[in-house]
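One structure is given here, and the rest of the page talks about it.
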Number of protein chains: 2
Amino acid sequence: MPDAFRLSAFLPYRLAVLSERVSRRLAAEYERSHGLSVAEWRVLVHLSRCGAVSVRDIHICVNLEKPRVSRAVARLEANGLVQKIPGTSDGRLVAISLTEAGTAALAEIVPAALAVEARLRGAVSREDLATFCRVMERMHAVLDDDPQAKPRSRMDLEGLDS
Amino acid sequence: MPDAFRLSAFLPYRLAVLSERVSRRLAAEYERSHGLSVAEWRVLVHLSRCGAVSVRDIHICVNLEKPRVSRAVARLEANGLVQKIPGTSDGRLVAISLTEAGTAALAEIVPAALAVEARLRGAVSREDLATFCRVMERMHAVLDDDPQAKPRSRMDLEGLDS
DNA sequence: CCTGGATCGTTTCAATTGAAATGATATGGA
DNA sequence: TCCATATCATTTCAATTGAAACGATCCAGG
């Protein structure tokens, strides 16, 4: 065995550690102030952009399993942040959208979330950050070509910006 | 609300998505061939470098909660990949180390794991990869200065290499 | 000694998770 | 029209998770 295998130098491990640490730090913002879970946070953000959408649409766009979306939406609805309107044309679909309270809650959280991100972005130069994003994109591309990897979510393919 | 909030452009989200995708792809290697979980994989790798260590040492070094380490070790022991020797000097400590079978299993998995990593690394230039790692390190540094973030594991502070 | 507090590993318990099953609705072809 | 198949959202169920509780062991100060 190549016994010089150092976990702390192994790319997948490093990614996982950083990602989890960032996620936890971010979650501290919306969990403490509004009692939201990661899934609920993602649903709210998605709804703020995409208006009234189905469970399936959320599932596909924000990398959450269908049951997880369903439960997140149920809790959000119970807390009045979201409303579910039975589909009109298609009886199976449910149109999920933000309520006033949901929009208000999101407006309270977003600045804090952007602040966390801004601190991360601010720690490196614009060029380095661009390189960082480009490398992430290339790694995704590697997995896109790998039949053993899970396909990428539709929405994660669109944006490559500063 | 800044309604131009795009989840797919939000750094924590992008990190989470890439990290999970990479993790799953890697897990496919050791899960299918040896039925290992992420925790078990990390424990094995750590043991291959650090010889006989305690549960607490693993917990601190590889970013796994104590109960998770305890259970991973228990399963690994049940499968004969690991042995637990009660501490001699300190009766509380347990010396956990690889068995022959454990070493053999790891030797089978490591090449595949390194191959996955090599494909990711190979998709970008050496300079870009160096920048990528440097940016990850800077983001860690931001969290190191943030009292609301979980402290970094000891072992993740050591290596910054190519 | 021996006793109070700290540390170690495990276990308990409640909550979360996702794969698979379910029920409900839609759609295309006979 | 009617049935087979597909799709949507939810629910079931078994497994995993981590915080807290637990028993066991160590150690420092009296």
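FYI, nothing fancy with the structure tokens labels: chains A, B, ... in order, residues from 1 per chain, ligands from 1 as they appear.
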Could you find all residues in chain A that DSSP calls alpha helix (DSSP H) from the backbone, and write them as a PyMOL selection string? chain A and resi 11-34+38-50+55-61+66-78+100-122+126-144
What lies within 10 Å of DT27 in chain C using only C-alpha atoms (C1' of nucleotides), ignoring chain neighbours under 2 positions off, as a count of residues only? 5
Would you mind listing, for every residue of chain B within 6 Å of chain A, the two atoms forming the shortest contact and the distance between them in Å to one decimal, using only C-alpha atoms, sorted by chain and ascending residue number, as CSV?
residue,atom,partner,partner_atom,distance
B:Met1,CA,A:Ala107,CA,4.8
B:Ser8,CA,A:Asp156,CA,5.4
B:Leu15,CA,A:Ser19,CA,5.4
B:Ala16,CA,A:Ser19,CA,5.3
B:Ser19,CA,A:Ala16,CA,5.3
B:Arg25,CA,A:Ala149,CA,5.2
B:Ala107,CA,A:Met1,CA,4.7
B:Leu120,CA,A:Met139,CA,5.5
B:Phe132,CA,A:Phe132,CA,5.0
B:Met139,CA,A:Leu120,CA,5.5
B:Ala149,CA,A:Arg25,CA,5.2
B:Asp156,CA,A:Ser8,CA,5.4
Would you mind listing what lies within 10 Å of DG23 in chain C as a list in words, with only C-alpha atoms (C1' of nucleotides) counted and same-chain residues fewer than 3 positions away left out? DA9, DT10 and DT11 of chain D
Please, could you write that set of residues out with C-alpha atoms (C1' of nucleotides) as a PDB file, in the first residue's frame?
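The file below, part_23.pdb, is the result:
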ATOM      1  C1'  DA D   9     -46.242  14.250  -3.706  1.00  0.00           C
ATOM      2  C1'  DT D  10     -46.406  11.917   0.480  1.00  0.00           C
ATOM      3  C1'  DT D  11     -45.686   8.303   3.703  1.00  0.00           C
TER       4       DT D  11
END
Define the interface residues of chain D facing chain B as those within 9 Å, counting only C-alpha atoms (C1' of nucleotides), and report them as a PDB file with all heavy atoms, in the first residue's frame.
ATOM      1  P    DT D  17     -23.945   7.826   9.702  1.00  0.00           P
ATOM      2  OP1  DT D  17     -23.192   8.511   8.627  1.00  0.00           O
ATOM      3  OP2  DT D  17     -23.304   6.779  10.519  1.00  0.00           O
ATOM      4  O5'  DT D  17     -24.505   8.951  10.670  1.00  0.00           O
ATOM      5  C5'  DT D  17     -25.226  10.058  10.120  1.00  0.00           C
ATOM      6  C4'  DT D  17     -25.801  10.907  11.224  1.00  0.00           C
ATOM      7  O4'  DT D  17     -26.855  10.175  11.864  1.00  0.00           O
ATOM      8  C3'  DT D  17     -24.822  11.244  12.344  1.00  0.00           C
ATOM      9  O3'  DT D  17     -24.255  12.495  12.078  1.00  0.00           O
ATOM     10  C2'  DT D  17     -25.705  11.280  13.600  1.00  0.00           C
ATOM     11  C1'  DT D  17     -27.038  10.706  13.159  1.00  0.00           C
ATOM     12  N1   DT D  17     -27.568   9.586  14.001  1.00  0.00           N
ATOM     13  C2   DT D  17     -28.642   9.815  14.809  1.00  0.00           C
ATOM     14  O2   DT D  17     -29.184  10.901  14.894  1.00  0.00           O
ATOM     15  N3   DT D  17     -29.067   8.724  15.526  1.00  0.00           N
ATOM     16  C4   DT D  17     -28.516   7.445  15.501  1.00  0.00           C
ATOM     17  O4   DT D  17     -28.979   6.533  16.184  1.00  0.00           O
ATOM     18  C5   DT D  17     -27.389   7.283  14.621  1.00  0.00           C
ATOM     19  C7   DT D  17     -26.716   5.941  14.513  1.00  0.00           C
ATOM     20  C6   DT D  17     -26.971   8.340  13.927  1.00  0.00           C
ATOM     21  P    DG D  18     -22.994  12.984  12.844  1.00  0.00           P
ATOM     22  OP1  DG D  18     -22.354  14.045  12.022  1.00  0.00           O
ATOM     23  OP2  DG D  18     -22.210  11.786  13.215  1.00  0.00           O
ATOM     24  O5'  DG D  18     -23.547  13.666  14.174  1.00  0.00           O
ATOM     25  C5'  DG D  18     -24.417  14.767  14.065  1.00  0.00           C
ATOM     26  C4'  DG D  18     -25.004  15.095  15.425  1.00  0.00           C
ATOM     27  O4'  DG D  18     -25.784  13.971  15.904  1.00  0.00           O
ATOM     28  C3'  DG D  18     -23.973  15.361  16.523  1.00  0.00           C
ATOM     29  O3'  DG D  18     -24.522  16.313  17.405  1.00  0.00           O
ATOM     30  C2'  DG D  18     -23.858  14.000  17.210  1.00  0.00           C
ATOM     31  C1'  DG D  18     -25.308  13.565  17.172  1.00  0.00           C
ATOM     32  N9   DG D  18     -25.530  12.132  17.297  1.00  0.00           N
ATOM     33  C8   DG D  18     -24.753  11.122  16.801  1.00  0.00           C
ATOM     34  N7   DG D  18     -25.218   9.923  17.071  1.00  0.00           N
ATOM     35  C5   DG D  18     -26.371  10.172  17.789  1.00  0.00           C
ATOM     36  C6   DG D  18     -27.303   9.272  18.362  1.00  0.00           C
ATOM     37  O6   DG D  18     -27.293   8.040  18.331  1.00  0.00           O
ATOM     38  N1   DG D  18     -28.335   9.948  19.017  1.00  0.00           N
ATOM     39  C2   DG D  18     -28.461  11.307  19.110  1.00  0.00           C
ATOM     40  N2   DG D  18     -29.512  11.787  19.776  1.00  0.00           N
ATOM     41  N3   DG D  18     -27.584  12.159  18.576  1.00  0.00           N
ATOM     42  C4   DG D  18     -26.574  11.521  17.940  1.00  0.00           C
ATOM     43  P    DA D  24     -19.495   0.518  35.809  1.00  0.00           P
ATOM     44  OP1  DA D  24     -19.583  -0.951  35.721  1.00  0.00           O
ATOM     45  OP2  DA D  24     -19.729   1.231  37.083  1.00  0.00           O
ATOM     46  O5'  DA D  24     -18.057   0.966  35.275  1.00  0.00           O
ATOM     47  C5'  DA D  24     -17.666   0.589  33.969  1.00  0.00           C
ATOM     48  C4'  DA D  24     -16.334   1.245  33.639  1.00  0.00           C
ATOM     49  O4'  DA D  24     -16.530   2.661  33.445  1.00  0.00           O
ATOM     50  C3'  DA D  24     -15.276   1.094  34.737  1.00  0.00           C
ATOM     51  O3'  DA D  24     -14.102   0.548  34.165  1.00  0.00           O
ATOM     52  C2'  DA D  24     -15.065   2.508  35.250  1.00  0.00           C
ATOM     53  C1'  DA D  24     -15.472   3.360  34.056  1.00  0.00           C
ATOM     54  N9   DA D  24     -15.964   4.685  34.397  1.00  0.00           N
ATOM     55  C8   DA D  24     -17.014   4.999  35.201  1.00  0.00           C
ATOM     56  N7   DA D  24     -17.236   6.286  35.319  1.00  0.00           N
ATOM     57  C5   DA D  24     -16.263   6.861  34.519  1.00  0.00           C
ATOM     58  C6   DA D  24     -15.957   8.203  34.205  1.00  0.00           C
ATOM     59  N6   DA D  24     -16.634   9.240  34.697  1.00  0.00           N
ATOM     60  N1   DA D  24     -14.925   8.423  33.370  1.00  0.00           N
ATOM     61  C2   DA D  24     -14.249   7.375  32.883  1.00  0.00           C
ATOM     62  N3   DA D  24     -14.447   6.075  33.100  1.00  0.00           N
ATOM     63  C4   DA D  24     -15.472   5.883  33.937  1.00  0.00           C
ATOM     64  P    DT D  25     -12.909   0.109  35.131  1.00  0.00           P
ATOM     65  OP1  DT D  25     -12.286  -1.067  34.521  1.00  0.00           O
ATOM     66  OP2  DT D  25     -13.412   0.096  36.521  1.00  0.00           O
ATOM     67  O5'  DT D  25     -11.884   1.337  34.992  1.00  0.00           O
ATOM     68  C5'  DT D  25     -11.387   1.677  33.721  1.00  0.00           C
ATOM     69  C4'  DT D  25     -10.711   3.023  33.798  1.00  0.00           C
ATOM     70  O4'  DT D  25     -11.669   4.027  34.194  1.00  0.00           O
ATOM     71  C3'  DT D  25      -9.570   3.126  34.811  1.00  0.00           C
ATOM     72  O3'  DT D  25      -8.375   3.383  34.101  1.00  0.00           O
ATOM     73  C2'  DT D  25      -9.955   4.289  35.716  1.00  0.00           C
ATOM     74  C1'  DT D  25     -10.963   5.033  34.861  1.00  0.00           C
ATOM     75  N1   DT D  25     -11.949   5.849  35.599  1.00  0.00           N
ATOM     76  C2   DT D  25     -11.925   7.208  35.434  1.00  0.00           C
ATOM     77  O2   DT D  25     -11.115   7.778  34.704  1.00  0.00           O
ATOM     78  N3   DT D  25     -12.884   7.890  36.146  1.00  0.00           N
ATOM     79  C4   DT D  25     -13.842   7.343  36.991  1.00  0.00           C
ATOM     80  O4   DT D  25     -14.644   8.061  37.563  1.00  0.00           O
ATOM     81  C5   DT D  25     -13.808   5.915  37.113  1.00  0.00           C
ATOM     82  C7   DT D  25     -14.804   5.226  38.005  1.00  0.00           C
ATOM     83  C6   DT D  25     -12.873   5.240  36.425  1.00  0.00           C
ATOM     84  P    DC D  26      -6.998   3.339  34.874  1.00  0.00           P
ATOM     85  OP1  DC D  26      -6.012   2.803  33.923  1.00  0.00           O
ATOM     86  OP2  DC D  26      -7.204   2.729  36.193  1.00  0.00           O
ATOM     87  O5'  DC D  26      -6.669   4.882  35.068  1.00  0.00           O
ATOM     88  C5'  DC D  26      -6.455   5.703  33.923  1.00  0.00           C
ATOM     89  C4'  DC D  26      -6.480   7.155  34.345  1.00  0.00           C
ATOM     90  O4'  DC D  26      -7.723   7.402  35.025  1.00  0.00           O
ATOM     91  C3'  DC D  26      -5.381   7.569  35.305  1.00  0.00           C
ATOM     92  O3'  DC D  26      -4.560   8.543  34.691  1.00  0.00           O
ATOM     93  C2'  DC D  26      -6.125   8.096  36.526  1.00  0.00           C
ATOM     94  C1'  DC D  26      -7.499   8.422  35.962  1.00  0.00           C
ATOM     95  N1   DC D  26      -8.602   8.369  36.953  1.00  0.00           N
ATOM     96  C2   DC D  26      -9.263   9.557  37.280  1.00  0.00           C
ATOM     97  O2   DC D  26      -8.907  10.618  36.759  1.00  0.00           O
ATOM     98  N3   DC D  26     -10.280   9.513  38.178  1.00  0.00           N
ATOM     99  C4   DC D  26     -10.649   8.338  38.729  1.00  0.00           C
ATOM    100  N4   DC D  26     -11.658   8.353  39.589  1.00  0.00           N
ATOM    101  C5   DC D  26      -9.990   7.122  38.387  1.00  0.00           C
ATOM    102  C6   DC D  26      -8.987   7.183  37.504  1.00  0.00           C
TER     103       DC D  26
END
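Using only C-alpha atoms (C1' of nucleotides), we find that the part of chain C lying within 10 Å of chain A comprises DT16, DT17, DG18, DA24, DT25 and DA26 of chain C.
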Go through range 2-87 of chain A and collect every residue that DSSP, computed from the backbone, puts in strand (DSSP E); the answer should be as a PyMOL selection string. chain A and resi 82-86
